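Beneath this line is the structure, given in structure tokens, with notes to follow.
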Amino acid sequence: MAQHLFKGLERIEEARERLTGHSFMAGLFVGKPDFSLLLPPEESPEQHVVWEEYRLKLETFLKTQVDPDEIERTAKIPNSVLKGLFALGTFGMKIPKEYGGLGFSYTNYGRALMLIASWSNILALTVAVPQSIGIAMPLLLFGTEEQKRKYLPIVAREAISAFALTEAITGSDAANIHTEAALDSSGTAFVVNGEKLWCTNGSIARYVTLIARVPSKRELHAGRTVWVPVPEGKGADEQVHTAFILDMETPGVRVQQRCQFEGCRGIENAYMTFTDVRIPAANVIGEVGRGLKYALTILNVGRAISIPAICLGMAKQAWQPTLDRANQRLTFQKPLSERQTQRMRLGHMGANLFAMEALASSVWRMADQHMYDVRIEAAIAKIFCSETTIQFLKNSQIIFGGMGYETADSKCVRGEPAFGIEQLVRDAEMYRIGEGATDILRPFVAREGLSQHLERAQRYMSGNLGRTARLVELLKLVRFYVPWYLSLWLSRTLPDRSEFRHPRVAPLLRYAERSSRRLASAVFWAMVRHGTQLRDDQGRQTRIETVGEDLLTIATSALWASSQERANAGEQVWDLVEYFAAGARLRIDHAIDELRGRNTDQVVATIGQQAVGGYYTWLSQGIIPRGLLDYLPTAVGSSRHLAE
């Protein structure tokens with residue numbers, strides 16, 4: 001069926017809702033980008049004053065009370081730091097003042113996370129999780145007034161919260177969690193059994209947003225279908241995703257392990273189990289059966305604000321030390337900064353850093369306007385900023401050479417500048433994975449981009465129609481698509497605003513508009529040619545996303561450069577934008593060509609299929625052969641790991 005076009009996303013597809021607000025990307029994917037949506041109202045002077053006043057307090061606290069090297073060395077954030085941040089209101093930045101928070105805009109929240117991340121990305125992540133995916137956002141969006149007044153002041157000023165969705169066997173496949181919450185025989189509490197993995201802040205959280213499956217029956221109430229929990233799961237039609245407020249001090253909750261990772265050593269990430277845990281029925285967030293929808297909605301906040309802000313803070317932290325190293329490091333009597341290869345590397349880094357900030361700032365401002373639906377823009381911002389930051393930091397590490405591979409503590413022994421670029425490189429991978437891994441988000445973006453086509457063709461592709469009805473639906477599609485397709489050959493004028501008449505903005509936006517029409521045409525023919533086969537064609541799905549990603553970033557960079565030029569940056573800012581756009585054009589042209597059919601996806605996919613099927617076992621010859629199961633711990637080792 002049309003709504004199940006993307007394999008592996010069927011249950012997520014059931015939970016999604018149609019775009020309900022303005023979306024620049026929704027228009028771009030069908031060849032009709034509305035560039036005026038990229039210019040939401042400027043922030044109010046009051047919000048800017050609020051930020052400047054808070055920035056001074058936060059910056060002073062970080063510089064005087066937080067030792068990021070100690071956090072890395074001990075893999076622990078001191079309690080004094082957490083208490084100090086609570087006193088500053090940092091854990092309640094997005095919580096309205098009436099509930100004990102600071103009531104920040106999304107833009108100011110992003111600025112604060114970027115500032116914290118430039119000092120310690122671990123601390124920024126610890127601060128972000130409660131406000132992005134802890135209990136605060138679910139309650140603000142879907143909770144009752146009683147729940148808000150009871151819990152929000154606590155998590156704003158004294159208690160850390162977390163988000164428990166992922167399980168060991170599901171990973172990013174959020175729809176297939178197994179943890180169950182069954183209504184007890186009295187109907188007053190849910191009994192939870194199961195486990196959750198990689199719950200950031202889980203080992204120090206007092207409250208957790210728990211997503212579990214509730215055995216329920218369908219019932220018709222006031223003309224709409226609702227899910228009603230059945231006592232002890234008897235007679236259930238289905239187990240439906242539901243969100244709960246879980247008090248971690250409830251009997252039966254056990255943190256089995258604090259997980260350890262390649263990087264992000266200071267985060268408190270838990271593997272936890274639930275054995276007959278009783279959650280009061282009053283702790284259900286919103287409606288039973290809507291938990292997956294709620295989870296997807298609140299994840300948008302992390303994707304739009306938190307991850308881009310933290311990535312920006314990390315990249316900006318590395319920028320000046322990298323320039324200093326390029327000027328100071330001599331090779332063959334010349335500083336690195338005089339060598340063309342390294343100048344090119346630095347130029348590439350500068351252009352990408354500018355593009356990241358332009359994209360993130362634009363998405364933050366759109367999120368502040370509640371008439372927008374930024375789910376597509378949020379996913380793209382998360383993908384672009386996390387992937388670009390990883391490459392940015394690796395380029396920085398290359399410029400540092402051997403010093404970039406050595407730890408900060410080791411360099412400190414010799415009196416060298418103890419800048420931990422190797423730590424940042426290790427930490428950055430977390431942000432590619434967290435809140436939707438890149439390889440999961442790309443088809444998600446493609447699905448959202450194709451939503452208008454899928455909804456229009458749903459009846460025709462359902463397979464449930466007779467010949468006559470199918471012919472009628474086909475004629476409807478033809479009547480719509482013939483004029484629509486012909487319209488893709490006609491350019492659209494830019495909105496009549498001064499920002500779009502800038503002599504260096506206009507050509508870039510006209511290119512984006514033209515490429516948007518080319519992309520829409522290529523997507524249309526891919527759907528016509530491949531039909532339901534597109535559900536398995538993640539190569540084409542990825543190209544749809546990457547073209548959209550580059551076009552959005554070109555447009556936001558051009559508009560950001562114009563505003564920066566007016567502020568204080570001067571004309572040099574355009575060197576960054578035009579270099580980025582030149583590279584993006586090559587990627588866009590290549591991706592559209594391959595989307596139309598000229599690619600080697602099937603060849604390389606076949607090689608991969610053969611590899612997992614055992615065709616290339618000889619590639620492991622010459623070593624001591626070990627498979628994954630050979631690394632299973634012994635019983636003693638397993639017990640030791642659980643105790644840590």
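Identifiers in this document derive from the order of the structure tokens: chains are assigned A, B, ..., residues are numbered from 1 separately in each chain, and ligands are numbered from 1 in order of occurrence.
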
Query raised in the report: Please, which residues of segment 180-308 of chain A, numbered as in this document, come out strand (DSSP E or B) from DSSP, as a PyMOL selection string?
Result: chain A and resi 180-183+189-200+207-221+224-229+238-247+253-258+269-280+284-285

Requested in this report: Write out as JSON, numbers by chain the residues lying within 9 Å of Met248 of chain A, counting only C-alpha atoms and excluding same-chain residues fewer than 2 positions away.
Outcome: {"A": [202, 205, 206, 207, 208, 246, 250, 251, 253, 254]}

Requested in this report: Quick one: everything within 8 Å of Ala212 of chain A, counting only C-alpha atoms, minus sequence neighbours fewer than 5 positions away in the same chain. Send it as a list of chain:residue names.
Outcome: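 Neighbouring residues, sequence-local ones excluded: A:Leu165, A:Ile177, A:His178, A:Thr179, A:Glu180, A:Ala181, A:Val192, A:Val240, A:His241, A:Thr242, A:Ala243, A:Phe244, A:Gly291.
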
**Report entry** Which of segment 59-281 of chain A fall in alpha helix (DSSP H), as a PyMOL selection string
**Finding:** chain A and resi 59-65+68-74+79-88+106-119+121-132+136-142+145-157

Could you list, with a cut-off of 7 Å and counting only C-alpha atoms, the residues of segment 366-454 of chain A near segment 304-324 of chain A, each shown with its nearest atom pair and the distance in Å rounded to one decimal, rows sorted by chain and ascending number, as JSON lines?
```
{"residue": "A:Ala378", "atom": "CA", "partner": "A:Ala304", "partner_atom": "CA", "distance": 4.0}
{"residue": "A:Ala379", "atom": "CA", "partner": "A:Ala304", "partner_atom": "CA", "distance": 6.8}
{"residue": "A:Ala381", "atom": "CA", "partner": "A:Ala304", "partner_atom": "CA", "distance": 6.1}
{"residue": "A:Lys382", "atom": "CA", "partner": "A:Pro308", "partner_atom": "CA", "distance": 5.7}
{"residue": "A:Cys385", "atom": "CA", "partner": "A:Pro308", "partner_atom": "CA", "distance": 5.4}
{"residue": "A:Ser386", "atom": "CA", "partner": "A:Cys311", "partner_atom": "CA", "distance": 6.1}
{"residue": "A:Thr389", "atom": "CA", "partner": "A:Cys311", "partner_atom": "CA", "distance": 6.0}
{"residue": "A:Phe392", "atom": "CA", "partner": "A:Ala315", "partner_atom": "CA", "distance": 6.8}
{"residue": "A:Leu393", "atom": "CA", "partner": "A:Ala315", "partner_atom": "CA", "distance": 6.7}
{"residue": "A:Ser396", "atom": "CA", "partner": "A:Thr322", "partner_atom": "CA", "distance": 5.8}
{"residue": "A:Ile399", "atom": "CA", "partner": "A:Thr322", "partner_atom": "CA", "distance": 7.0}
{"residue": "A:Tyr431", "atom": "CA", "partner": "A:Ile307", "partner_atom": "CA", "distance": 6.4}
```

Any chance you can output those residues with N, CA and C atoms as a short mmCIF file (atom, residue, chain, number, x, y, z; two decimals), in the first residue's frame?
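What ended up in selection.cif:
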```cif
data_model
loop_
_atom_site.label_atom_id
_atom_site.label_comp_id
_atom_site.auth_asym_id
_atom_site.auth_seq_id
_atom_site.Cartn_x
_atom_site.Cartn_y
_atom_site.Cartn_z
N ALA A 378 14.03 19.51 10.97
CA ALA A 378 14.72 19.05 12.18
C ALA A 378 15.60 17.85 11.88
N ALA A 379 15.04 16.88 11.14
CA ALA A 379 15.82 15.69 10.81
C ALA A 379 17.03 16.05 9.95
N ALA A 381 18.59 18.98 9.86
CA ALA A 381 19.56 19.69 10.70
C ALA A 381 20.37 18.72 11.53
N LYS A 382 19.72 17.70 12.07
CA LYS A 382 20.42 16.70 12.87
C LYS A 382 21.41 15.93 12.01
N CYS A 385 24.36 18.48 10.71
CA CYS A 385 25.27 18.97 11.76
C CYS A 385 26.08 17.85 12.38
N SER A 386 25.47 16.69 12.60
CA SER A 386 26.23 15.59 13.21
C SER A 386 27.27 15.04 12.25
N THR A 389 30.05 17.71 11.63
CA THR A 389 30.92 17.89 12.79
C THR A 389 31.95 16.78 12.89
N PHE A 392 34.54 17.60 10.36
CA PHE A 392 35.22 18.83 10.80
C PHE A 392 36.28 18.50 11.84
N LEU A 393 35.91 17.71 12.83
CA LEU A 393 36.83 17.38 13.92
C LEU A 393 37.95 16.46 13.44
N SER A 396 40.41 18.66 11.85
CA SER A 396 41.19 19.33 12.89
C SER A 396 42.27 18.40 13.44
N ILE A 399 45.27 18.18 11.19
CA ILE A 399 46.15 19.35 11.28
C ILE A 399 47.01 19.28 12.54
N TYR A 431 26.62 11.78 18.51
CA TYR A 431 25.58 12.67 17.99
C TYR A 431 25.12 12.26 16.59
#
```

Contacts of segment 258-266 of chain A at 7 Å or less, counting only C-alpha atoms, minus same-chain residues fewer than 6 places along, as a JSON list (two decimals) with N, CA and C atoms, in the first residue's frame?
```
[["chain", "number", "residue", "atom", "x", "y", "z"],
["A", 71, "ILE", "N", 35.93, 15.92, 34.19],
["A", 71, "ILE", "CA", 34.80, 15.09, 33.76],
["A", 71, "ILE", "C", 35.29, 13.97, 32.84],
["A", 72, "GLU", "N", 36.18, 14.30, 31.93],
["A", 72, "GLU", "CA", 36.73, 13.28, 31.03],
["A", 72, "GLU", "C", 37.57, 12.27, 31.80],
["A", 75, "ALA", "N", 35.18, 10.37, 34.30],
["A", 75, "ALA", "CA", 33.93, 9.88, 33.68],
["A", 75, "ALA", "C", 32.73, 10.16, 34.59],
["A", 76, "LYS", "N", 32.75, 11.33, 35.23],
["A", 76, "LYS", "CA", 31.68, 11.67, 36.15],
["A", 76, "LYS", "C", 31.51, 13.18, 36.22],
["A", 77, "ILE", "N", 30.26, 13.64, 36.17],
["A", 77, "ILE", "CA", 29.97, 15.06, 36.39],
["A", 77, "ILE", "C", 29.75, 15.25, 37.89],
["A", 122, "ILE", "N", 29.74, 16.89, 27.13],
["A", 122, "ILE", "CA", 29.11, 15.92, 28.00],
["A", 122, "ILE", "C", 28.09, 16.61, 28.90],
["A", 203, "SER", "N", 20.86, 6.54, 34.95],
["A", 203, "SER", "CA", 21.43, 6.13, 36.23],
["A", 203, "SER", "C", 21.42, 7.24, 37.27],
["A", 423, "GLN", "N", 39.57, 13.58, 22.10],
["A", 423, "GLN", "CA", 38.34, 13.35, 22.85],
["A", 423, "GLN", "C", 37.13, 13.81, 22.05],
["A", 426, "ARG", "N", 36.26, 11.34, 19.43],
["A", 426, "ARG", "CA", 35.57, 10.16, 19.99],
["A", 426, "ARG", "C", 34.14, 10.49, 20.39],
["A", 427, "ASP", "N", 33.96, 11.67, 20.99],
["A", 427, "ASP", "CA", 32.62, 12.05, 21.47],
["A", 427, "ASP", "C", 31.63, 12.28, 20.33],
["A", 644, "GLU", "N", 29.30, -3.21, 37.37],
["A", 644, "GLU", "CA", 29.98, -1.93, 37.19],
["A", 644, "GLU", "C", 28.99, -0.78, 37.08]]
```

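Near Pro229 of chain A, within 7 Å and counting only C-alpha atoms, sit Leu183, Val214, Pro215, Ser216, Lys217, Trp227 and Pro231 of chain A; same-chain residues fewer than 2 positions away were not included.
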
Please provide the set of residues having any atom within 8 Å of Val155 of chain A, restricted to only C-alpha atoms, with same-chain residues fewer than 3 positions apart removed, written as a CSV table (one decimal) with C-alpha atoms, in the first residue's frame.
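Produced file part06.csv, reproduced below:
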```
chain,number,residue,atom,x,y,z
A,91,PHE,CA,17.6,22.4,33.5
A,92,GLY,CA,14.4,24.4,33.1
A,130,PRO,CA,15.7,16.3,30.4
A,136,ALA,CA,9.3,18.1,30.5
A,151,TYR,CA,6.3,17.6,38.0
A,152,LEU,CA,7.6,20.5,36.0
A,158,GLU,CA,15.9,19.8,41.5
A,159,ALA,CA,15.4,16.5,39.7
A,160,ILE,CA,17.0,15.1,36.5
A,161,SER,CA,14.8,13.2,34.1
```
